[in-house]
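In what follows, a single structure is set out as structure tokens and then discussed.
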Amino acid sequence: MAGSRIPGFYKLSPQERLAKVRSFASLSEEEAQAIGGCGLGIEQADRMIENVIGTFELPLGIATNFLIDGKDYLIPMAVEEPSVVAAASNAAKMARAGGGFVTDATEPLMIAQVQVCGVDDPHAARIEILRRKEEIIELANRQDPVLVKLGGGCRDIEVRVLETKRGPMVVTHLLVDCRDAMGANAVNTMAEAVAPLIESAAGGRVYLRIISNLATLRLARAKAVFKADAIGGEEVVEGVLNAYAFAEADPFRCATHNKGIMNGITAVVLATGNDTRAVEAGAHAYAALRGYKPLTTYERNSEGDLVGTIELPLAVGIVGGATASHPVARACLKILGVKSAQELARVIAAVGLAQNFAALRALATEGIQRGHMELHARNIASMAGARGEEVDAVAEVLVRERRIRVDFAQEVLKKLREEGNA
């Protein structure tokens, strides 16, 4: 297999980049055409959601240089924000000097919640539900024999008594191994099926029966050693450590710190047809379990290098939903070459760490705006009416003059065209 280090990839045309990716992932002509802009037809879209009138496209980019657990990956990222793909690629390149990313993931266990209200003796009800555990598990697994055959299914239950403003509630958690699916449909079906049994055991009334997006049992982790000499020296290490300490101490900064992580994570989740809202909700809820904290950590090792880690819930799948029905999502999964939902989660965790490191390094050195605005200048040039090679020419002037505005871009474009016609 070819490596993910493709020098000069950003200098190629979109068609040339797609050709490189097609070779890397052995994409078919049909898959390449889907990625190239002929992906989701109106008929397919009409079957995916309600009241369809069209489709909405985002740029799909490829982050290069990723070495994860000794394997090269090209990372498809669907995102509208400039600098995200470039930053991830640059961070991955720096991580290679320290061996790339090392990752880990738990089993793909999701939690379904069944809420019982109006119970006179909630703690006794908890014991009764637990006493009938095997009966509940057997009934849950009857709902999805295919999942059970694949090695998944309901593994266990937990029962909690919650004190609320509406009185005590008895909440049962079904712990379901979803294998290679995200699992929402499977666990919701199981929760609804076992609700009458739980209601009977508890002696109250069941209300909610639904998945929890705080998937604390479905975690992905990644680690990377960023060699000091590869990232700019000891001052950069100090700067990143100070930036991390700031985020750890201040929720106002931490919100933006974690948003930067999700720039990378959400882009891959979206590209693969997974549920971005579920992943984002789970990530931020996990960050808030002990007071809102960063999803990453940074330390200095004995050799003076920077060590970054990340841990977060990642409920993603490679089967079912849009991952199966959206042609571009299917092609993106093929580019990644992942063989399981756990592998996909591990890759996404590595991307989140890379994205965060890139942002902190930029903040600790030249500031976040320089690289970001260089790319943003191209958008402004296009908005001003520049076409083709004019875009880069106008953007270069905007960045040099530090005046990245549409009105100035229009002035620059007018002057360029006048000089060209002289």
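Identifiers for the structure tokens are assigned positionally: chains receive A, B, ... in sequence, residues are indexed from 1 per chain, and ligands are indexed from 1 in the order shown.
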**Q.** All residues 7 Å or closer to range 195-208 of chain A, only C-alpha atoms, same chain fewer than 2 positions away omitted, as a VMD selection string
**A.** chain A and resid 114 to 119 125 128 to 129 191 to 193 210
All heavy atoms of the current selection, written as an mmCIF file, in the first residue's frame:
data_model
loop_
_atom_site.group_PDB
_atom_site.id
_atom_site.type_symbol
_atom_site.label_atom_id
_atom_site.label_comp_id
_atom_site.auth_asym_id
_atom_site.auth_seq_id
_atom_site.Cartn_x
_atom_site.Cartn_y
_atom_site.Cartn_z
ATOM 1 N N VAL A 114 -34.188 3.279 30.222
ATOM 2 C CA VAL A 114 -35.620 3.093 30.424
ATOM 3 C C VAL A 114 -35.982 3.759 31.744
ATOM 4 O O VAL A 114 -35.503 3.365 32.812
ATOM 5 C CB VAL A 114 -36.010 1.600 30.449
ATOM 6 C CG1 VAL A 114 -37.519 1.444 30.666
ATOM 7 C CG2 VAL A 114 -35.577 0.908 29.159
ATOM 8 N N GLN A 115 -36.819 4.791 31.668
ATOM 9 C CA GLN A 115 -37.171 5.606 32.832
ATOM 10 C C GLN A 115 -38.503 5.137 33.424
ATOM 11 O O GLN A 115 -39.500 5.028 32.718
ATOM 12 C CB GLN A 115 -37.283 7.068 32.399
ATOM 13 C CG GLN A 115 -37.839 8.014 33.442
ATOM 14 C CD GLN A 115 -38.435 9.269 32.806
ATOM 15 O OE1 GLN A 115 -38.997 9.198 31.712
ATOM 16 N NE2 GLN A 115 -38.322 10.396 33.478
ATOM 17 N N VAL A 116 -38.513 4.880 34.729
ATOM 18 C CA VAL A 116 -39.746 4.520 35.432
ATOM 19 C C VAL A 116 -40.029 5.582 36.487
ATOM 20 O O VAL A 116 -39.156 5.910 37.314
ATOM 21 C CB VAL A 116 -39.652 3.140 36.111
ATOM 22 C CG1 VAL A 116 -41.003 2.763 36.717
ATOM 23 C CG2 VAL A 116 -39.184 2.079 35.125
ATOM 24 N N CYS A 117 -41.249 6.126 36.465
ATOM 25 C CA CYS A 117 -41.668 7.136 37.440
ATOM 26 C C CYS A 117 -42.800 6.596 38.305
ATOM 27 O O CYS A 117 -43.416 5.575 37.996
ATOM 28 C CB CYS A 117 -42.145 8.393 36.707
ATOM 29 S SG CYS A 117 -40.890 9.158 35.659
ATOM 30 N N GLY A 118 -43.061 7.317 39.403
ATOM 31 C CA GLY A 118 -44.187 6.963 40.273
ATOM 32 C C GLY A 118 -43.991 5.687 41.046
ATOM 33 O O GLY A 118 -44.961 4.962 41.328
ATOM 34 N N VAL A 119 -42.748 5.373 41.428
ATOM 35 C CA VAL A 119 -42.457 4.157 42.189
ATOM 36 C C VAL A 119 -42.418 4.495 43.680
ATOM 37 O O VAL A 119 -41.656 5.380 44.102
ATOM 38 C CB VAL A 119 -41.118 3.540 41.748
ATOM 39 C CG1 VAL A 119 -40.831 2.270 42.533
ATOM 40 C CG2 VAL A 119 -41.129 3.269 40.253
ATOM 41 N N ALA A 125 -37.479 -1.500 44.062
ATOM 42 C CA ALA A 125 -37.742 -1.715 42.631
ATOM 43 C C ALA A 125 -36.437 -1.977 41.884
ATOM 44 O O ALA A 125 -36.373 -2.834 40.985
ATOM 45 C CB ALA A 125 -38.449 -0.496 42.046
ATOM 46 N N GLU A 128 -35.493 -5.521 42.366
ATOM 47 C CA GLU A 128 -36.372 -6.433 41.633
ATOM 48 C C GLU A 128 -36.013 -6.451 40.143
ATOM 49 O O GLU A 128 -36.017 -7.510 39.501
ATOM 50 C CB GLU A 128 -37.831 -6.025 41.824
ATOM 51 C CG GLU A 128 -38.840 -6.925 41.129
ATOM 52 C CD GLU A 128 -38.797 -8.374 41.604
ATOM 53 O OE1 GLU A 128 -38.273 -8.645 42.726
ATOM 54 O OE2 GLU A 128 -39.284 -9.252 40.860
ATOM 55 N N ILE A 129 -35.691 -5.286 39.593
ATOM 56 C CA ILE A 129 -35.285 -5.233 38.179
ATOM 57 C C ILE A 129 -33.996 -6.021 37.981
ATOM 58 O O ILE A 129 -33.868 -6.805 37.029
ATOM 59 C CB ILE A 129 -35.117 -3.769 37.722
ATOM 60 C CG1 ILE A 129 -36.473 -3.055 37.722
ATOM 61 C CG2 ILE A 129 -34.501 -3.720 36.325
ATOM 62 C CD1 ILE A 129 -36.378 -1.554 37.526
ATOM 63 N N ALA A 191 -34.908 -1.138 24.029
ATOM 64 C CA ALA A 191 -35.463 -0.418 25.182
ATOM 65 C C ALA A 191 -36.986 -0.437 25.158
ATOM 66 O O ALA A 191 -37.640 -0.640 26.195
ATOM 67 C CB ALA A 191 -34.949 1.019 25.188
ATOM 68 N N GLU A 192 -37.555 -0.236 23.986
ATOM 69 C CA GLU A 192 -39.012 -0.260 23.885
ATOM 70 C C GLU A 192 -39.570 -1.653 24.160
ATOM 71 O O GLU A 192 -40.633 -1.804 24.780
ATOM 72 C CB GLU A 192 -39.436 0.230 22.507
ATOM 73 C CG GLU A 192 -39.167 1.716 22.301
ATOM 74 C CD GLU A 192 -39.520 2.204 20.911
ATOM 75 O OE1 GLU A 192 -39.999 1.382 20.103
ATOM 76 O OE2 GLU A 192 -39.322 3.405 20.641
ATOM 77 N N ALA A 193 -38.846 -2.677 23.734
ATOM 78 C CA ALA A 193 -39.329 -4.050 23.917
ATOM 79 C C ALA A 193 -39.337 -4.468 25.382
ATOM 80 O O ALA A 193 -40.248 -5.168 25.835
ATOM 81 C CB ALA A 193 -38.469 -5.014 23.093
ATOM 82 N N ILE A 210 -34.915 5.261 25.475
ATOM 83 C CA ILE A 210 -34.115 5.846 24.397
ATOM 84 C C ILE A 210 -32.620 5.749 24.689
ATOM 85 O O ILE A 210 -32.202 5.639 25.855
ATOM 86 C CB ILE A 210 -34.513 7.328 24.170
ATOM 87 C CG1 ILE A 210 -33.904 7.863 22.879
ATOM 88 C CG2 ILE A 210 -34.154 8.184 25.377
ATOM 89 C CD1 ILE A 210 -34.481 9.187 22.426
#
Q: Enumerate as JSON, numbers by chain all residues of range 111-188 of chain A assigned to strand (DSSP E) by DSSP on the backbone, naming them with the chain letters and numbers the document uses.
A: {"A": [111, 112, 113, 114, 115, 116, 117, 153, 154, 155, 156, 157, 158, 159, 160, 161, 162, 163, 164, 167, 168, 169, 170, 171, 172, 173, 174, 175, 176, 177]}
Q. Suppose you want the space between CA of Ala285 in chain A and CA of Asn258 in chain A; what is it in Å?
A. 11.4 Å
Q: Would you list the contacts of range 155-163 of chain A as a count of residues only, taking every protein, DNA or RNA residue within 10 Å and counting only C-alpha atoms, but skipping same-chain residues closer than 2 positions in sequence?
A: 37
(Q) Please identify the helix (DSSP H, G or I) residues within range 32-221 of chain A (assignment by DSSP from backbone atoms) and present them as a PyMOL selection string. (A) chain A and resi 32-38+42-48+84-96+122-131+133-141+145-149+184-202
Q: Name the closest residue to Asp46 in chain A among the candidates A:Val391, A:Ser325, A:Leu360, A:Cys332; distances are taken between atoms, counting only C-alpha atoms.
A: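 Residue with the minimum atom-to-atom distance to Asp46 in chain A: A:Ser325.
Minimum distance to Glu80 in chain A across A:Asn242, A:Glu390, A:Arg132, A:His376 (counting only C-alpha atoms) occurs at A:His376.
Distance-wise, CA of Arg179 in chain A and CA of Asp144 in chain A end up 12.3 Å apart.
Excluding Pro76 in chain A itself and any same-chain residue fewer than 4 positions from it, the protein and nucleic acid residues within 7 Å of it, counting only C-alpha atoms, are Leu60, Gly61, Ile62, Ala63, Val268, Ala271 and Cys332 of chain A.
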**Q.** Near-Gly308 in chain A list (7 Å; only C-alpha atoms; drop same-chain fewer than 4 positions) as a ChimeraX atom specification
**A.** /A:223-225,296-299
Can those selected residues be exported to a file as a CSV table (one decimal), in the first residue's frame so that it contains all heavy atoms?
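Just written: again17.csv:
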chain,number,residue,atom,x,y,z
A,223,LYS,N,-2.7,8.7,21.5
A,223,LYS,CA,-1.5,9.4,22.0
A,223,LYS,C,-0.5,9.6,21.0
A,223,LYS,O,-0.4,8.9,20.0
A,223,LYS,CB,-0.9,8.4,23.1
A,223,LYS,CG,0.4,9.0,23.8
A,223,LYS,CD,1.0,8.0,24.7
A,223,LYS,CE,1.8,7.0,24.0
A,223,LYS,NZ,2.7,6.1,24.9
A,224,ALA,N,0.3,10.7,21.1
A,224,ALA,CA,1.4,11.0,20.2
A,224,ALA,C,2.5,11.7,20.9
A,224,ALA,O,2.2,12.5,21.8
A,224,ALA,CB,0.9,11.9,19.0
A,225,VAL,N,3.7,11.4,20.5
A,225,VAL,CA,4.9,12.2,21.0
A,225,VAL,C,5.3,13.1,20.0
A,225,VAL,O,5.7,12.7,18.8
A,225,VAL,CB,6.0,11.2,21.4
A,225,VAL,CG1,7.2,12.0,21.9
A,225,VAL,CG2,5.6,10.2,22.5
A,296,THR,N,-8.3,16.7,25.7
A,296,THR,CA,-6.9,16.3,25.5
A,296,THR,C,-6.1,16.6,26.8
A,296,THR,O,-6.6,17.4,27.6
A,296,THR,CB,-6.3,17.1,24.3
A,296,THR,OG1,-6.6,18.5,24.5
A,296,THR,CG2,-6.9,16.6,23.0
A,297,THR,N,-4.9,16.0,26.8
A,297,THR,CA,-4.0,16.4,27.9
A,297,THR,C,-2.6,16.6,27.2
A,297,THR,O,-2.4,16.0,26.1
A,297,THR,CB,-3.8,15.3,29.0
A,297,THR,OG1,-3.2,14.1,28.4
A,297,THR,CG2,-5.1,15.0,29.6
A,298,TYR,N,-1.7,17.4,27.8
A,298,TYR,CA,-0.4,17.6,27.3
A,298,TYR,C,0.6,17.6,28.4
A,298,TYR,O,0.3,18.2,29.5
A,298,TYR,CB,-0.3,18.9,26.5
A,298,TYR,CG,-1.0,18.8,25.2
A,298,TYR,CD1,-2.3,19.3,25.1
A,298,TYR,CD2,-0.4,18.3,24.0
A,298,TYR,CE1,-3.0,19.2,23.9
A,298,TYR,CE2,-1.1,18.3,22.8
A,298,TYR,CZ,-2.4,18.7,22.8
A,298,TYR,OH,-3.1,18.6,21.6
A,299,GLU,N,1.7,16.9,28.2
A,299,GLU,CA,2.8,16.7,29.2
A,299,GLU,C,4.1,16.8,28.5
A,299,GLU,O,4.2,16.6,27.3
A,299,GLU,CB,2.6,15.4,30.0
A,299,GLU,CG,1.3,15.1,30.6
A,299,GLU,CD,1.1,13.7,31.0
A,299,GLU,OE1,1.2,12.8,30.1
A,299,GLU,OE2,0.8,13.4,32.2
Q | Nearest candidate to Glu311 in chain A (options A:Gly37, A:Gly282, A:Gly273, A:Gly70; using only C-alpha atoms) | A |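 Using only C-alpha atoms, Glu311 in chain A sits closest to A:Gly282.
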Q) Quick one: distance from CA of Pro313 in chain A to CA of Ala359 in chain A in Å, one decimal? A) 21.4 Å
**Q.** Nearby residues (only C-alpha atoms) at most 12 Å from Arg47 in chain A, same-chain spacing under 6 positions excluded, as a list in words
**A.**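 With the cut-off at 12 Å, the set is Leu40, Gly41, Ile53, Gly54, Gly321, Ala322, Ser325 and His326 of chain A.
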Q. With distances taken over only C-alpha atoms, which of A:Thr216, A:Ser302, A:Thr55, A:Thr189 is nearest to Gln143 in chain A?
A. A:Thr189
Q. Using only C-alpha atoms, which of the listed residues (A:Leu306, A:Cys154, A:Val237, A:Ala78) sits closest to Asn188 in chain A?
A.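 Under the stated criterion, the closest residue is A:Cys154.
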